[in-house]
Amino acid sequence: MGSHRRATAVGSRSATATAVGSRSAGRNGWAQPPTPGAVPDTAQLPRADAPRRDRYFDTLRAAALIRVVTYHTFGWPWCGMVFPSMGIMFALAGTLMAKSLERPAAKVLKSRLRRLLPPFWFWGFFVVLAMLIHDWMPGRQIVYWIVPLGDPPGNAWGEQAWDILWYLRTYLWFVLLSPLLLRIFRLAPLPVLLLSLTPILVLNFLWSGPDNRFGSALWDLSTYLFCWILGFAHRDGVLQRMKPALVAVLALAALGYGGWYAFSHQADFGTYDLDENPLAQAFWSAGFVLLLMWAKAYFRIDFTWLTRFRRLDRTVTVFNARAVTIYLWHEIALILAVPLIDQFWNVPAFEKYLPLDSQWFMFGIGWVLIAVFVLVCGWVEDVAAKQQPRLIPGGRAARMGG
């Protein structure tokens, strides 16, 4: 459960949805399927028919990364309620995973590992080296710095940098479990989706799990299992066929329970911050992300208008192409911003005219350093994706898990 004491973040991936079967209105909460001849949802077309990216999902991913950096800079506890980026990212990843599993599972898993591990190894080399210089000596557990199936070890000096790795560990486990999870989901989509909240209830009220790496992974997987499977539901067209009334009831019930549990248990966790409260995080994220994903499927939102604003569209593209880089290096950028700003105090003009003691100023310097890391280190994502290395991505962006 210790991993839930950490700030949530994001990783990144995109997805689309295909329709499967149809059911008549009024049964099991399903709405009437789209009428024949209606304009098809581009997110539901086969890959050959939909070469362009879904800018709605890309925008959500970019916003999630910005929210992560904002939270890690200011520490505002309400950030998770305004925009639960972690749940959103896992839902997007689940959608993409369901789409990818139309290919043989072995090839998909190999592709995911290839895209995830090299950027992680590149980043980890510098973090591990820095900790070794600061009197850290790893044991056999250093294997988790090779394949992060458990929380990698480290010392207190580097904790702010490596504390974010719980997300990569959770994502990796979801990827490995997806072939089985997708089969189970397709046996009974709606019941399985609703029952996916059961594990977090069990851990919270009946059995807290082992106090080790496996236990931490179990809590994280249980917290975001609904969101991951919600991605399956979007891809398979399940959400598009759900009645608006049913979605509203389910989403509001989940949001209500999650919000109530967060505020009513502040004494237990010391805050209403969802990142400290797994059960509240699970239900709030479930309700919030259900609304976002259902609206995407039901109203066929695609944000194609974004392409009319070239700079904004290019920014979204860069964020998606360098999502892993931004996520891994953003904490280091914020760490380095502090001593850099300290040096600014030695320049009289800077001291007089710049708000050096403002967190907003540190926020800005942090983004400047993140941009530097994107330029210097982002090419690793291209290599991992078997693409030509680029300083600034354009066109079809590489993406985590893509």
# chains A, B, ... in the order shown; residues from 1 in each chain; ligands from 1
>>> select_by_dssp(residues="segment 289-359 of chain A", states="helix (DSSP H, G or I)", output="compact mmCIF listing (two decimals) with N, CA and C atoms, in the first residue's frame")
# COMPACT_ATOMS: atom_id res chain seq x y z
N VAL A 289 -13.54 8.94 -15.32
CA VAL A 289 -13.06 8.41 -16.60
C VAL A 289 -14.20 7.76 -17.38
N LEU A 290 -15.16 7.16 -16.68
CA LEU A 290 -16.33 6.61 -17.37
C LEU A 290 -17.04 7.69 -18.18
N LEU A 291 -17.21 8.87 -17.60
CA LEU A 291 -17.87 9.96 -18.32
C LEU A 291 -17.05 10.39 -19.53
N LEU A 292 -15.74 10.53 -19.36
CA LEU A 292 -14.88 10.95 -20.47
C LEU A 292 -14.89 9.95 -21.61
N MET A 293 -14.77 8.67 -21.29
CA MET A 293 -14.70 7.64 -22.32
C MET A 293 -16.05 7.41 -22.98
N TRP A 294 -17.12 7.46 -22.18
CA TRP A 294 -18.45 7.28 -22.77
C TRP A 294 -18.78 8.43 -23.70
N ALA A 295 -18.47 9.66 -23.28
CA ALA A 295 -18.74 10.82 -24.14
C ALA A 295 -17.99 10.71 -25.45
N LYS A 296 -16.76 10.23 -25.38
CA LYS A 296 -15.97 10.04 -26.59
C LYS A 296 -16.66 9.06 -27.53
N ALA A 297 -17.12 7.93 -26.98
CA ALA A 297 -17.73 6.89 -27.80
C ALA A 297 -19.12 7.29 -28.28
N TYR A 298 -19.93 7.85 -27.40
CA TYR A 298 -21.33 8.11 -27.72
C TYR A 298 -21.50 9.31 -28.65
N PHE A 299 -20.73 10.37 -28.39
CA PHE A 299 -20.84 11.58 -29.20
C PHE A 299 -19.77 11.65 -30.30
N THR A 304 -10.86 17.04 -34.04
CA THR A 304 -10.18 17.30 -35.31
C THR A 304 -9.91 18.80 -35.51
N TRP A 305 -10.69 19.63 -34.81
CA TRP A 305 -10.49 21.08 -34.91
C TRP A 305 -9.10 21.50 -34.44
N LEU A 306 -8.47 20.65 -33.66
CA LEU A 306 -7.15 20.99 -33.11
C LEU A 306 -6.13 21.22 -34.22
N THR A 307 -6.30 20.53 -35.33
CA THR A 307 -5.33 20.66 -36.42
C THR A 307 -5.35 22.04 -37.05
N ARG A 308 -6.39 22.84 -36.78
CA ARG A 308 -6.43 24.20 -37.33
C ARG A 308 -5.51 25.15 -36.57
N ARG A 310 -1.97 25.23 -35.49
CA ARG A 310 -0.76 24.48 -35.77
C ARG A 310 0.16 24.36 -34.57
N ARG A 311 0.36 25.45 -33.85
CA ARG A 311 1.28 25.40 -32.72
C ARG A 311 0.73 24.53 -31.59
N LEU A 312 -0.54 24.69 -31.31
CA LEU A 312 -1.16 23.87 -30.27
C LEU A 312 -1.16 22.41 -30.68
N ASP A 313 -1.49 22.14 -31.93
CA ASP A 313 -1.50 20.77 -32.42
C ASP A 313 -0.10 20.15 -32.35
N ARG A 314 0.92 20.94 -32.71
CA ARG A 314 2.29 20.44 -32.65
C ARG A 314 2.72 20.17 -31.21
N THR A 315 2.27 21.02 -30.29
CA THR A 315 2.59 20.82 -28.88
C THR A 315 1.99 19.51 -28.37
N VAL A 316 0.74 19.26 -28.73
CA VAL A 316 0.09 18.01 -28.34
C VAL A 316 0.85 16.82 -28.93
N THR A 317 1.29 16.95 -30.17
CA THR A 317 2.05 15.89 -30.82
C THR A 317 3.34 15.60 -30.07
N VAL A 318 4.06 16.65 -29.69
CA VAL A 318 5.33 16.47 -28.98
C VAL A 318 5.09 15.80 -27.63
N PHE A 319 4.06 16.24 -26.92
CA PHE A 319 3.77 15.63 -25.63
C PHE A 319 3.50 14.14 -25.76
N ASN A 320 2.78 13.76 -26.80
CA ASN A 320 2.47 12.34 -26.98
C ASN A 320 3.67 11.55 -27.44
N ALA A 321 4.48 12.14 -28.31
CA ALA A 321 5.65 11.43 -28.81
C ALA A 321 6.73 11.28 -27.75
N ALA A 323 6.04 11.21 -24.28
CA ALA A 323 5.34 11.02 -23.01
C ALA A 323 6.22 10.30 -21.99
N VAL A 324 6.91 9.26 -22.40
CA VAL A 324 7.77 8.52 -21.47
C VAL A 324 8.91 9.40 -20.98
N THR A 325 9.51 10.13 -21.88
CA THR A 325 10.62 11.03 -21.52
C THR A 325 10.16 12.09 -20.53
N ILE A 326 9.04 12.73 -20.81
CA ILE A 326 8.53 13.76 -19.92
C ILE A 326 8.22 13.18 -18.55
N TYR A 327 7.60 12.01 -18.54
CA TYR A 327 7.24 11.41 -17.25
C TYR A 327 8.47 11.03 -16.44
N LEU A 328 9.42 10.38 -17.07
CA LEU A 328 10.60 9.91 -16.34
C LEU A 328 11.48 11.06 -15.86
N TRP A 329 11.64 12.08 -16.68
CA TRP A 329 12.62 13.12 -16.38
C TRP A 329 12.03 14.34 -15.68
N HIS A 330 10.71 14.42 -15.53
CA HIS A 330 10.13 15.66 -14.99
C HIS A 330 10.53 15.90 -13.54
N GLU A 331 10.62 14.84 -12.73
CA GLU A 331 11.02 15.03 -11.34
C GLU A 331 12.46 15.51 -11.24
N ILE A 332 13.32 14.95 -12.07
CA ILE A 332 14.72 15.40 -12.07
C ILE A 332 14.80 16.86 -12.50
N ALA A 333 13.96 17.25 -13.46
CA ALA A 333 13.94 18.65 -13.88
C ALA A 333 13.53 19.55 -12.72
N LEU A 334 12.53 19.14 -11.95
CA LEU A 334 12.10 19.95 -10.81
C LEU A 334 13.16 19.98 -9.71
N ILE A 335 13.88 18.87 -9.54
CA ILE A 335 14.97 18.84 -8.56
C ILE A 335 16.07 19.80 -8.97
N LEU A 336 16.45 19.78 -10.24
CA LEU A 336 17.53 20.64 -10.72
C LEU A 336 17.13 22.11 -10.75
N ALA A 337 15.83 22.38 -10.83
CA ALA A 337 15.38 23.77 -10.87
C ALA A 337 15.74 24.51 -9.59
N VAL A 338 15.78 23.80 -8.47
CA VAL A 338 16.05 24.46 -7.18
C VAL A 338 17.47 25.02 -7.12
N PRO A 339 18.53 24.22 -7.34
CA PRO A 339 19.88 24.81 -7.30
C PRO A 339 20.13 25.82 -8.42
N LEU A 340 19.45 25.63 -9.55
CA LEU A 340 19.60 26.60 -10.64
C LEU A 340 19.05 27.96 -10.23
N ILE A 341 17.88 27.96 -9.61
CA ILE A 341 17.29 29.22 -9.15
C ILE A 341 18.16 29.83 -8.04
N ASP A 342 18.77 28.99 -7.21
CA ASP A 342 19.67 29.51 -6.18
C ASP A 342 20.80 30.34 -6.78
N GLN A 343 21.26 29.93 -7.95
CA GLN A 343 22.33 30.69 -8.61
C GLN A 343 21.81 32.03 -9.15
N PHE A 344 20.53 32.09 -9.46
CA PHE A 344 19.97 33.35 -9.95
C PHE A 344 20.05 34.46 -8.89
N PRO A 348 22.33 40.37 -9.37
CA PRO A 348 21.50 41.44 -8.81
C PRO A 348 20.25 41.74 -9.63
N ALA A 349 20.38 41.76 -10.94
CA ALA A 349 19.22 42.07 -11.78
C ALA A 349 18.15 40.99 -11.65
N PHE A 350 18.59 39.73 -11.60
CA PHE A 350 17.63 38.64 -11.44
C PHE A 350 16.93 38.74 -10.07
N GLU A 351 17.73 39.03 -9.05
CA GLU A 351 17.17 39.12 -7.71
C GLU A 351 16.14 40.25 -7.62
N LYS A 352 16.38 41.33 -8.35
CA LYS A 352 15.52 42.50 -8.27
C LYS A 352 14.24 42.35 -9.10
N TYR A 353 14.36 41.74 -10.27
CA TYR A 353 13.24 41.77 -11.21
C TYR A 353 12.54 40.43 -11.39
N GLN A 359 6.84 29.72 -6.42
CA GLN A 359 6.73 28.37 -6.97
C GLN A 359 6.37 28.40 -8.45
>>> residues_around(residues="segment 73-76 of chain A", least_positions_apart="3", cutoff="12 Å", atoms="only C-alpha atoms", output="PyMOL selection string")
chain A and resi 6-8+66-70+79-83+160+271-275+330-335+337-338+358-367
>>> closest_residue(among="A:Phe232, A:Trp284, A:Phe126, A:Trp219", to="Pro189 of chain A", atoms="only C-alpha atoms")
A:Phe232
>>> closest_residue(among="A:Leu218, A:Leu252, A:Met97, A:Val202", to="Arg112 of chain A", atoms="only C-alpha atoms")
A:Met97
>>> residues_around(residues="Ala384 of chain A", least_positions_apart="2", cutoff="10 Å", atoms="only C-alpha atoms", output="MDAnalysis selection string")
chainID A and resid 111:119 379:382 386:389 398 400
>>> write_last_selection(atoms="N, CA, C and O atoms", output="mmCIF file, in the first residue's frame")
data_model
loop_
_atom_site.group_PDB
_atom_site.id
_atom_site.type_symbol
_atom_site.label_atom_id
_atom_site.label_comp_id
_atom_site.auth_asym_id
_atom_site.auth_seq_id
_atom_site.Cartn_x
_atom_site.Cartn_y
_atom_site.Cartn_z
ATOM 1 N N SER A 111 6.421 -5.887 -28.347
ATOM 2 C CA SER A 111 6.433 -4.489 -28.767
ATOM 3 C C SER A 111 6.333 -3.550 -27.573
ATOM 4 O O SER A 111 7.045 -2.542 -27.495
ATOM 5 N N ARG A 112 5.454 -3.892 -26.614
ATOM 6 C CA ARG A 112 5.306 -3.047 -25.428
ATOM 7 C C ARG A 112 6.602 -2.979 -24.632
ATOM 8 O O ARG A 112 7.029 -1.917 -24.185
ATOM 9 N N LEU A 113 7.213 -4.126 -24.423
ATOM 10 C CA LEU A 113 8.465 -4.160 -23.657
ATOM 11 C C LEU A 113 9.555 -3.380 -24.375
ATOM 12 O O LEU A 113 10.347 -2.670 -23.745
ATOM 13 N N ARG A 114 9.596 -3.500 -25.688
ATOM 14 C CA ARG A 114 10.622 -2.789 -26.454
ATOM 15 C C ARG A 114 10.451 -1.279 -26.345
ATOM 16 O O ARG A 114 11.422 -0.532 -26.268
ATOM 17 N N ARG A 115 9.216 -0.815 -26.324
ATOM 18 C CA ARG A 115 8.967 0.615 -26.238
ATOM 19 C C ARG A 115 9.182 1.168 -24.827
ATOM 20 O O ARG A 115 9.577 2.321 -24.668
ATOM 21 N N LEU A 116 8.926 0.352 -23.837
ATOM 22 C CA LEU A 116 9.001 0.821 -22.457
ATOM 23 C C LEU A 116 10.398 0.729 -21.860
ATOM 24 O O LEU A 116 10.879 1.684 -21.215
ATOM 25 N N LEU A 117 11.063 -0.400 -22.045
ATOM 26 C CA LEU A 117 12.290 -0.664 -21.291
ATOM 27 C C LEU A 117 13.496 0.186 -21.702
ATOM 28 O O LEU A 117 14.213 0.686 -20.819
ATOM 29 N N PRO A 118 13.816 0.369 -22.986
ATOM 30 C CA PRO A 118 15.005 1.185 -23.305
ATOM 31 C C PRO A 118 14.974 2.602 -22.730
ATOM 32 O O PRO A 118 15.978 3.042 -22.165
ATOM 33 N N PRO A 119 13.858 3.353 -22.822
ATOM 34 C CA PRO A 119 13.845 4.663 -22.159
ATOM 35 C C PRO A 119 14.025 4.553 -20.650
ATOM 36 O O PRO A 119 14.679 5.398 -20.030
ATOM 37 N N TRP A 379 15.182 11.108 -28.048
ATOM 38 C CA TRP A 379 15.479 10.223 -29.178
ATOM 39 C C TRP A 379 15.450 8.746 -28.790
ATOM 40 O O TRP A 379 15.249 7.876 -29.657
ATOM 41 N N VAL A 380 15.630 8.450 -27.501
ATOM 42 C CA VAL A 380 15.607 7.051 -27.067
ATOM 43 C C VAL A 380 14.243 6.432 -27.349
ATOM 44 O O VAL A 380 14.152 5.254 -27.694
ATOM 45 N N GLU A 381 13.187 7.217 -27.222
ATOM 46 C CA GLU A 381 11.854 6.702 -27.533
ATOM 47 C C GLU A 381 11.735 6.348 -29.016
ATOM 48 O O GLU A 381 11.073 5.367 -29.372
ATOM 49 N N ASP A 382 12.350 7.143 -29.876
ATOM 50 C CA ASP A 382 12.322 6.833 -31.306
ATOM 51 C C ASP A 382 13.063 5.537 -31.590
ATOM 52 O O ASP A 382 12.591 4.694 -32.361
ATOM 53 N N LYS A 386 11.718 1.819 -33.066
ATOM 54 C CA LYS A 386 12.281 1.500 -34.378
ATOM 55 C C LYS A 386 11.976 2.591 -35.393
ATOM 56 O O LYS A 386 11.625 2.324 -36.539
ATOM 57 N N GLN A 387 12.094 3.842 -34.938
ATOM 58 C CA GLN A 387 11.900 4.980 -35.812
ATOM 59 C C GLN A 387 13.196 5.778 -35.899
ATOM 60 O O GLN A 387 14.094 5.607 -35.080
ATOM 61 N N GLN A 388 13.259 6.633 -36.887
ATOM 62 C CA GLN A 388 14.427 7.483 -37.030
ATOM 63 C C GLN A 388 14.449 8.501 -35.893
ATOM 64 O O GLN A 388 13.463 9.182 -35.641
ATOM 65 N N PRO A 389 15.563 8.615 -35.169
ATOM 66 C CA PRO A 389 15.654 9.569 -34.049
ATOM 67 C C PRO A 389 15.402 10.998 -34.512
ATOM 68 O O PRO A 389 15.871 11.414 -35.575
ATOM 69 N N ALA A 398 5.578 8.823 -31.822
ATOM 70 C CA ALA A 398 5.787 7.601 -31.040
ATOM 71 C C ALA A 398 5.062 7.753 -29.729
ATOM 72 O O ALA A 398 4.865 8.829 -29.230
ATOM 73 N N MET A 400 4.113 5.741 -25.740
ATOM 74 C CA MET A 400 4.342 4.656 -24.809
ATOM 75 C C MET A 400 3.286 3.600 -25.021
ATOM 76 O O MET A 400 2.086 3.840 -24.939
#
>>> atom_distance(atom1="atom CA of Gly287 of chain A", atom2="atom CA of Val108 of chain A")
29.2 Å
>>> closest_residue(among="A:Glu276, A:Asp58, A:Asp357, A:Glu102", to="Leu182 of chain A", atoms="only C-alpha atoms")
A:Glu102
